[in-house]
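Dropping coords.cif in here (mmCIF, C-alpha atoms):
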```cif
data_input
#
loop_
_atom_site.label_atom_id
_atom_site.label_comp_id
_atom_site.auth_asym_id
_atom_site.auth_seq_id
_atom_site.Cartn_x
_atom_site.Cartn_y
_atom_site.Cartn_z
CA ALA A 1 73.08 149.53 52.14
CA MET A 2 72.65 147.29 49.11
CA LEU A 3 75.67 145.23 50.12
CA ALA A 4 74.52 145.13 53.73
CA ARG A 5 71.09 143.83 52.74
CA ALA A 6 72.69 141.19 50.52
CA GLY A 7 75.06 140.18 53.28
CA CYS A 8 72.56 140.14 56.14
CA GLY A 9 69.55 138.94 54.17
CA GLU A 10 65.97 140.19 54.07
CA GLY A 11 62.61 138.50 54.35
CA GLU A 12 62.86 136.75 51.01
CA ASP A 13 66.34 135.42 51.93
CA LEU A 14 65.04 133.50 54.93
CA ILE A 15 64.38 129.80 54.66
CA GLU A 16 62.38 127.98 57.30
CA GLU A 17 63.29 124.36 57.91
CA GLN A 18 61.00 122.10 59.91
CA GLN A 19 62.90 119.97 62.41
CA GLU A 20 61.79 117.76 65.28
CA GLU A 21 62.16 120.45 67.95
CA GLY A 22 60.51 123.20 65.92
CA THR A 23 61.07 125.55 63.05
CA VAL A 24 64.63 126.72 62.37
CA THR A 25 65.24 129.81 60.24
CA ASN A 26 68.39 129.88 58.14
CA VAL A 27 69.74 133.01 56.46
CA MET A 28 71.01 132.56 52.94
CA THR A 29 74.43 134.06 52.40
CA PRO A 30 75.11 135.85 49.11
CA SER A 31 77.25 134.26 46.46
CA LEU A 32 80.49 135.81 45.26
CA ILE A 33 78.85 136.73 41.95
CA THR A 34 76.03 138.51 43.81
CA LEU A 35 78.46 140.60 45.83
CA GLN A 36 80.50 141.45 42.76
CA SER A 37 77.43 142.41 40.74
CA LEU A 38 76.26 144.70 43.53
CA ALA A 39 79.64 146.39 43.79
CA ALA A 40 80.06 146.85 40.03
CA PHE A 41 77.83 149.05 37.88
CA ASP A 42 77.68 146.92 34.73
CA GLY A 43 80.11 144.12 35.44
CA ASP A 44 83.11 146.07 34.11
CA VAL A 45 85.33 146.25 37.20
CA LYS A 46 87.95 148.53 35.67
CA THR A 47 85.73 151.29 34.32
CA SER A 48 82.47 151.34 36.25
CA SER A 49 82.99 150.11 39.77
CA LEU A 50 80.59 151.67 42.24
CA PHE A 51 82.38 150.15 45.23
CA PRO A 52 86.01 149.47 44.26
CA GLU A 53 87.01 148.57 47.81
CA SER A 54 84.20 146.02 47.99
CA LEU A 55 85.33 144.47 44.71
CA GLU A 56 88.89 144.27 45.98
CA ALA A 57 87.64 142.68 49.19
CA THR A 58 85.71 139.97 47.32
CA ALA A 59 88.77 139.34 45.12
CA ARG A 60 90.94 138.96 48.23
CA LEU A 61 88.37 136.63 49.74
CA ALA A 62 88.38 134.42 46.64
CA ASN A 63 92.19 134.43 46.54
CA SER A 64 92.36 133.49 50.22
CA CYS A 65 90.07 130.54 49.51
CA HIS A 66 92.28 129.49 46.58
CA ILE A 67 95.39 129.58 48.77
CA PHE A 68 93.69 127.71 51.61
CA VAL A 69 92.41 124.88 49.40
CA PHE A 70 95.70 124.73 47.48
CA ASP A 71 97.82 124.52 50.64
CA ILE A 72 95.75 121.56 51.84
CA CYS A 73 95.63 119.75 48.49
CA SER A 74 99.34 120.21 47.75
CA ALA A 75 100.82 119.69 51.22
CA VAL A 76 101.77 116.03 50.69
CA PRO A 77 103.57 116.43 47.33
CA ARG A 78 105.33 119.61 48.47
CA ARG A 79 106.66 117.80 51.52
CA ALA A 80 107.70 114.78 49.44
CA LEU A 81 109.64 116.95 46.97
CA ARG A 82 111.28 119.16 49.57
CA SER A 83 114.43 117.06 50.01
CA MET A 84 114.48 115.08 46.76
CA SER A 85 117.39 117.15 45.37
CA SER A 86 119.73 115.76 48.01
CA LEU A 87 118.93 112.05 47.63
CA PRO A 88 122.16 110.00 47.54
CA ILE A 89 120.95 107.92 44.58
CA TRP A 90 121.55 110.82 42.19
CA ARG A 91 125.34 110.63 42.64
CA ALA A 92 125.61 106.84 42.97
CA GLU A 93 128.47 105.56 40.83
CA GLY A 94 128.12 103.03 38.05
CA GLY A 95 125.40 102.43 35.52
CA LEU A 96 122.93 99.62 35.25
CA GLY A 97 122.91 97.13 32.42
CA VAL A 98 120.01 96.97 30.02
CA ASP A 99 118.48 93.93 31.68
CA GLU A 100 118.97 95.34 35.18
CA SER A 101 117.53 98.75 34.29
CA TYR A 102 114.11 97.18 33.64
CA GLY A 103 113.93 96.27 37.32
CA ILE A 104 114.24 99.85 38.59
CA LEU A 105 111.23 100.94 40.62
CA PRO A 106 110.03 104.51 41.22
CA GLN A 107 111.44 105.96 44.41
CA GLN A 108 109.32 106.67 47.46
CA TYR A 109 109.19 110.44 47.04
CA ILE A 110 107.61 110.19 43.59
CA THR A 111 105.18 107.41 44.53
CA LEU A 112 103.95 109.61 47.39
CA VAL A 113 103.29 112.35 44.85
CA GLY A 114 101.58 110.02 42.39
CA GLU A 115 99.41 108.28 44.97
CA HIS A 116 98.33 111.63 46.38
CA MET A 117 97.32 112.93 42.95
CA LEU A 118 95.23 109.82 42.32
CA ALA A 119 93.61 110.00 45.76
CA LEU A 120 92.85 113.69 45.30
CA VAL A 121 90.09 112.82 42.85
CA GLN A 122 88.12 110.98 45.56
CA ALA A 123 88.92 113.71 48.07
CA LEU A 124 87.47 116.45 45.86
CA GLU A 125 84.32 114.71 44.66
CA PRO A 126 82.39 114.91 47.99
CA PHE A 127 82.79 118.71 48.00
CA ALA A 128 81.14 118.81 44.59
CA SER A 129 78.21 116.56 45.52
CA ASP A 130 75.95 119.40 46.71
CA HIS A 131 74.60 121.35 43.75
CA GLU A 132 74.27 124.71 45.54
CA ALA A 133 77.69 124.46 47.18
CA LEU A 134 79.21 123.43 43.85
CA SER A 135 77.69 126.37 41.98
CA ARG A 136 79.07 128.81 44.55
CA ALA A 137 82.48 127.15 44.52
CA ARG A 138 82.61 127.40 40.73
CA GLU A 139 81.90 131.14 40.97
CA ALA A 140 85.09 131.56 43.00
CA MET A 141 87.29 129.46 40.71
CA PRO A 142 88.45 132.13 38.19
CA GLY A 143 92.08 132.93 38.89
CA ALA A 144 92.67 129.83 41.00
CA LYS A 145 95.56 128.65 38.85
CA GLY A 146 97.50 131.73 39.88
CA VAL A 147 98.40 129.99 43.14
CA ALA A 148 100.47 127.48 41.12
CA MET A 149 102.69 130.16 39.59
CA GLN A 150 105.23 130.39 42.41
CA SER A 151 106.76 126.97 41.69
CA TRP A 152 107.16 127.90 38.01
CA LYS A 153 108.77 131.22 38.92
CA GLU A 154 111.28 129.30 41.03
CA PHE A 155 111.82 126.80 38.22
CA ALA A 156 112.63 129.64 35.83
CA ALA A 157 115.00 131.13 38.43
CA SER A 158 116.77 127.77 38.83
CA THR A 159 117.71 127.86 35.13
CA GLY A 160 119.51 131.15 35.64
CA SER A 161 116.90 133.01 33.59
CA ASN A 162 115.78 136.44 34.71
CA VAL A 163 112.05 136.21 34.18
CA GLY A 164 110.29 139.28 35.47
CA ASP A 165 107.29 139.18 33.15
CA GLU A 166 104.37 137.24 34.59
CA ASP A 167 103.12 136.43 31.08
CA ILE A 168 106.31 134.45 30.43
CA VAL A 169 105.73 132.39 33.57
CA ILE A 170 102.13 131.75 32.51
CA SER A 171 103.30 130.67 29.05
CA LEU A 172 105.86 128.36 30.61
CA MET A 173 103.28 126.92 32.98
CA ASN A 174 100.70 126.31 30.24
CA GLY A 175 103.31 124.61 28.04
CA LYS A 176 101.55 125.20 24.73
CA ASP A 177 104.35 127.38 23.36
CA LEU A 178 106.82 124.58 24.13
CA ALA A 179 104.97 121.76 22.38
CA ALA A 180 106.84 122.19 19.07
CA HIS A 181 110.25 122.28 20.77
CA VAL A 182 110.21 119.35 23.19
CA MET A 183 111.01 115.69 22.71
CA THR A 184 107.68 113.88 22.64
CA ASN A 185 106.41 110.48 23.52
CA SER A 186 103.34 109.21 21.66
CA ASP A 187 102.16 107.44 24.82
CA HIS A 188 101.84 110.77 26.61
CA ASN A 189 99.90 113.13 24.38
CA TYR A 190 99.72 116.68 25.67
CA GLU A 191 96.71 117.57 23.55
CA GLU A 192 93.19 116.64 24.54
CA ASP A 193 91.85 113.50 22.94
CA GLU A 194 88.91 114.20 20.64
CA ASP A 195 87.12 110.99 21.62
CA GLU A 196 87.43 111.96 25.27
CA LEU A 197 85.98 115.40 24.56
CA ARG A 198 83.07 113.85 22.68
CA GLY A 199 82.46 111.54 25.61
CA GLU A 200 82.31 114.50 27.97
CA GLU A 201 79.63 116.10 25.82
CA ASP A 202 77.43 113.07 26.38
CA ASN A 203 77.42 113.49 30.17
CA ASP A 204 74.57 115.33 31.83
CA GLU A 205 75.10 118.85 33.13
CA THR A 206 75.49 117.80 36.77
CA ASP A 207 78.20 115.25 36.01
CA LYS A 208 79.97 117.75 33.78
CA ALA A 209 79.94 120.37 36.53
CA VAL A 210 81.36 117.94 39.09
CA THR A 211 84.02 116.75 36.66
CA ALA A 212 84.94 120.30 35.73
CA PHE A 213 85.35 121.32 39.38
CA CYS A 214 87.56 118.32 40.19
CA ASN A 215 89.61 118.76 37.02
CA GLU A 216 90.18 122.44 37.71
CA TRP A 217 91.74 121.68 41.07
CA LEU A 218 93.66 118.70 39.70
CA ASP A 219 95.01 121.06 37.05
CA VAL A 220 96.07 123.63 39.67
CA VAL A 221 97.74 121.10 41.97
CA GLY A 222 99.23 119.11 39.09
CA SER A 223 100.71 122.24 37.54
CA ALA A 224 102.26 123.31 40.85
CA VAL A 225 103.66 119.82 41.46
CA THR A 226 105.17 119.71 37.96
CA GLY A 227 106.84 123.10 38.35
CA ARG A 228 108.18 122.18 41.79
CA LEU A 229 109.54 118.84 40.59
CA LEU A 230 111.35 120.45 37.65
CA GLU A 231 112.80 123.09 39.95
CA ARG A 232 113.97 120.42 42.40
CA ILE A 233 115.63 118.47 39.56
CA LEU A 234 117.68 121.51 38.58
CA ARG A 235 118.78 121.86 42.23
CA ILE A 236 120.49 118.44 42.14
CA HIS A 237 124.25 118.92 42.50
CA HIS A 238 125.35 115.97 40.39
CA LEU A 239 123.63 113.28 38.34
CA SER A 240 125.59 110.11 37.66
CA PRO A 241 124.57 107.69 34.87
CA LYS A 242 122.89 105.52 37.50
CA GLY A 243 121.14 108.56 38.94
CA CYS A 244 119.87 109.47 35.46
CA GLU A 245 118.32 106.04 35.07
CA HIS A 246 116.48 106.38 38.36
CA LEU A 247 115.31 109.90 37.47
CA ALA A 248 113.97 108.70 34.11
CA VAL A 249 111.98 105.96 35.87
CA ASP A 250 110.59 108.44 38.42
CA LEU A 251 109.49 110.84 35.70
CA GLY A 252 107.99 107.99 33.67
CA TYR A 253 105.93 106.98 36.69
CA LEU A 254 104.53 110.50 37.14
CA LEU A 255 103.83 110.74 33.41
CA ASN A 256 101.67 107.61 33.71
CA VAL A 257 99.85 109.04 36.72
CA PHE A 258 98.97 112.29 34.95
CA SER A 259 97.92 110.40 31.83
CA ALA A 260 95.61 108.24 33.97
CA LEU A 261 94.00 111.33 35.52
CA GLY A 262 93.04 112.56 32.05
CA VAL A 263 93.19 116.25 32.92
CA ALA A 264 93.63 118.60 29.95
CA GLY A 265 97.17 119.95 29.66
CA HIS A 266 98.73 117.10 31.65
CA PRO A 267 101.24 115.64 31.66
CA HIS A 268 103.14 118.87 30.99
CA PRO A 269 105.42 118.54 27.92
CA LEU A 270 108.50 119.36 29.98
CA LEU A 271 108.03 116.24 32.12
CA ASN A 272 108.63 113.92 29.18
CA HIS A 273 111.32 116.26 27.84
CA PHE A 274 113.30 115.97 31.07
CA ALA A 275 112.82 112.20 31.09
CA GLU A 276 114.33 112.05 27.60
CA LEU A 277 117.21 114.30 28.68
CA ALA A 278 117.94 111.83 31.48
CA ARG A 279 117.93 108.88 29.04
CA MET A 280 120.17 110.51 26.44
CA GLY A 281 123.83 109.63 26.19
CA ALA A 282 126.30 112.37 27.08
CA GLY A 283 127.36 112.80 23.44
CA ASP A 284 123.80 113.05 22.16
CA LEU A 285 122.90 115.56 24.87
CA LYS A 286 125.89 117.74 24.03
CA GLU A 287 125.06 117.61 20.31
CA MET A 288 121.41 118.50 20.92
CA ILE A 289 122.31 121.52 23.05
CA SER A 290 124.82 122.73 20.47
CA ALA A 291 122.24 122.39 17.69
CA SER A 292 119.60 124.34 19.60
CA ARG A 293 121.95 127.02 20.93
CA GLY A 294 120.49 130.46 20.30
CA GLU A 295 117.05 129.04 19.42
CA LYS A 296 114.58 131.24 21.28
CA ASP A 297 111.33 131.47 19.34
CA ASN A 298 109.77 132.93 22.48
CA ALA A 299 110.77 133.64 26.07
CA ALA A 300 109.36 130.34 27.36
CA VAL A 301 111.51 128.40 24.89
CA GLY A 302 114.50 130.44 26.08
CA VAL A 303 113.86 129.26 29.64
CA MET A 304 113.60 125.67 28.44
CA ARG A 305 116.93 125.93 26.57
CA ALA A 306 118.54 127.36 29.71
CA ALA A 307 117.12 124.41 31.67
CA GLU A 308 118.70 121.98 29.18
CA VAL A 309 122.11 123.61 29.65
CA ARG A 310 121.72 123.48 33.43
CA PHE A 311 120.68 119.81 33.28
CA ALA A 312 123.72 119.00 31.13
CA LEU A 313 126.02 120.68 33.65
CA ILE A 314 124.45 118.63 36.44
CA ARG A 315 125.31 115.52 34.43
CA GLY A 316 128.85 116.78 33.87
CA VAL A 317 128.32 117.41 30.17
CA HIS A 318 130.09 120.61 29.11
#
```
Rewrite the coordinates I just gave you, this time as structure tokens.
Amino acid sequence: AMLARAGCGEGEDLIEEQQEEGTVTNVMTPSLITLQSLAAFDGDVKTSSLFPESLEATARLANSCHIFVFDICSAVPRRALRSMSSLPIWRAEGGLGVDESYGILPQQYITLVGEHMLALVQALEPFASDHEALSRAREAMPGAKGVAMQSWKEFAASTGSNVGDEDIVISLMNGKDLAAHVMTNSDHNYEEDEDELRGEEDNDETDKAVTAFCNEWLDVVGSAVTGRLLERILRIHHLSPKGCEHLAVDLGYLLNVFSALGVAGHPHPLLNHFAELARMGAGDLKEMISASRGEKDNAAVGVMRAAEVRFALIRGVH
């Protein structure tokens, strides 16, 4: 009965709006937090749920919303990356000279991804312009990043690693456990900039809420795109020296896009790591893999080392 009253509304939940043709009565719908608080005794879902099925239903509803929004926001990059593993440029013979390599432009598939990520900011902001709608959307955000996990599971599988533990996939996706083991580029800092954080503190609460909402979805989509791109790279059959140069340019372009977005945790450290693997000479790559053989400080690092071996094999380095 409590849930029914919250769902259907009572007298105090009715709002009368005066319009030209008369008075229109609107019924306020309950927020996700309201439904969850009614179904749980003291907020502890695991130990004191009065209506476990209701809690599960609200969780499924939130997850369905996550999947729906994610499918729309990530449709363009997923389509662009679908066939990138079979591009003929990867196996093109011959290398480019130093002077000629500066003229390489990012390929169309990666510019589609980058342009979409930049446009996504403007696409998300209107949905955060209404304060009430924004507050309700934020209530449903916990767990949204889970929809990005599938691409990272497939990336781990493409390395030949048997990753059955979801915590390992989460660690791999977050990238923090990899930071001390990847090749870095000072222009693409994985950590949040302190000046940027201080600047965010100066914004008013409304602007911070809008920024947080947009950044959360940029983080989800960006993480899924990164995992999918890395997985697609490891599905390439052969990378020639010329193909490596093009791949390094493509990854450099996406690194710049993510840096411009300024979302915490992006660009992912593996993006720059793969770009450096593509730039390395065959001898240096072989030496690096030999030196790091057996180095597995944690399971996520083990997956990364397996990815390096797979990448070397794609390049013909044994």
Out of A:Leu229, A:Val317, A:Leu172, A:Thr211, which residue has the shortest atom-to-atom distance to A:Pro269 when counting all atoms listed in the file?
-> A:Leu172
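Atom CA of A:Pro88 is positioned 11.0 Å from atom CA of A:Lys242.
Nearest residue to A:Gly316, choosing from A:Val113, A:Glu216, A:Ile170, A:Gly283 and counting only C-alpha atoms: A:Gly283.
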Distance table requested - stretch 57-122 of chain A against stretch 293-315 of chain A, cut-off 12 Å, all atoms listed in the file: one row per qualifying residue with the closest atom pair and its distance in Å to one decimal, ordered by chain and rising residue number, as JSON lines.
```
{"residue": "A:Ser85", "atom": "CA", "partner": "A:Ile314", "partner_atom": "CA", "distance": 11.5}
{"residue": "A:Trp90", "atom": "CA", "partner": "A:Arg315", "partner_atom": "CA", "distance": 9.8}
{"residue": "A:Arg91", "atom": "CA", "partner": "A:Arg315", "partner_atom": "CA", "distance": 9.6}
```
Pull C-alpha atoms from the residues just selected and write them as a tab-separated table (two decimals), keeping the file's coordinate frame.
```
chain	number	residue	atom	x	y	z
A	85	SER	CA	117.39	117.15	45.37
A	90	TRP	CA	121.55	110.82	42.19
A	91	ARG	CA	125.34	110.63	42.64
```
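For A:Trp152, the set of protein, DNA and RNA residues having any atom at most 10 Å away, when counting all atoms listed in the file and skipping those fewer than 6 positions along the same chain, is A:Ser158, A:Val169, A:Ile170, A:Leu172, A:Met173, A:Ser223, A:Ala224, A:Val225, A:Thr226, A:Gly227, A:Arg228, A:Leu229, A:Leu230, A:Glu231.
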re atom CA of A:Ala140 and atom CA of A:Leu218: distance 15.8 Å
Take the PyMOL selection byres ((chain A and resi 273-282) around 6), apply it to the structure above, and return the hits as a PyMOL selection string.
-> chain A and resi 182-183+244+248+251+270-272+283-285
Which value, in Å to one decimal, gives the distance between atom CA of A:Gly252 and atom CA of A:Glu154?
->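 Atom-to-atom, atom CA of A:Gly252 and atom CA of A:Glu154 are spaced 22.8 Å apart.
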Give the answer as one residue: which of A:Ile110, A:Thr58, A:Leu261, A:Leu255 has the shortest atom-to-atom distance to A:Glu139, using all atoms listed in the file?
->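 The shortest atom-to-atom distance to A:Glu139 comes from A:Thr58.
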Determine, counting only C-alpha atoms, which protein, DNA and RNA residues have an atom within 10 Å of an atom of stretch 114-123 of chain A; residues of the same chain fewer than 5 positions away are not included. Present the result as a list of chain:residue names.
-> A:Cys73, A:Ser74, A:Ala75, A:Val76, A:Pro77, A:Gln108, A:Tyr109, A:Ala128, A:Thr211, A:Cys214, A:Asn215, A:Trp217, A:Leu218, A:Val221, A:Gly222, A:Val225, A:Asp250, A:Tyr253, A:Leu254, A:Leu255, A:Asn256, A:Val257, A:Phe258, A:Ala260, A:Leu261
Option closest in space to A:Thr111, from A:Ala179, A:Ile89, A:Leu239, A:Val249 [counting all atoms listed in the file] =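 Under the stated criterion, the closest residue is A:Val249.
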Choose the residue, out of A:Leu134, A:Leu234, A:Leu105, A:Met149, that has the smallest atom-to-atom separation from A:Asp207; count all atoms listed in the file.
->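 For A:Asp207, the nearest of the candidates is A:Leu134.
Proximity ranking of A:Leu87, A:Ala80, A:Ala92, A:Val147 relative to A:Asn63 places A:Val147 first, based on all atoms listed in the file.
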Can you find the residues with an atom no farther than 7 Å from (99.4, 119.7, 28.6), counting all atoms listed in the file, and report them as an NGL selection string?
-> :A and (174-175 or 190-191 or 264-269)
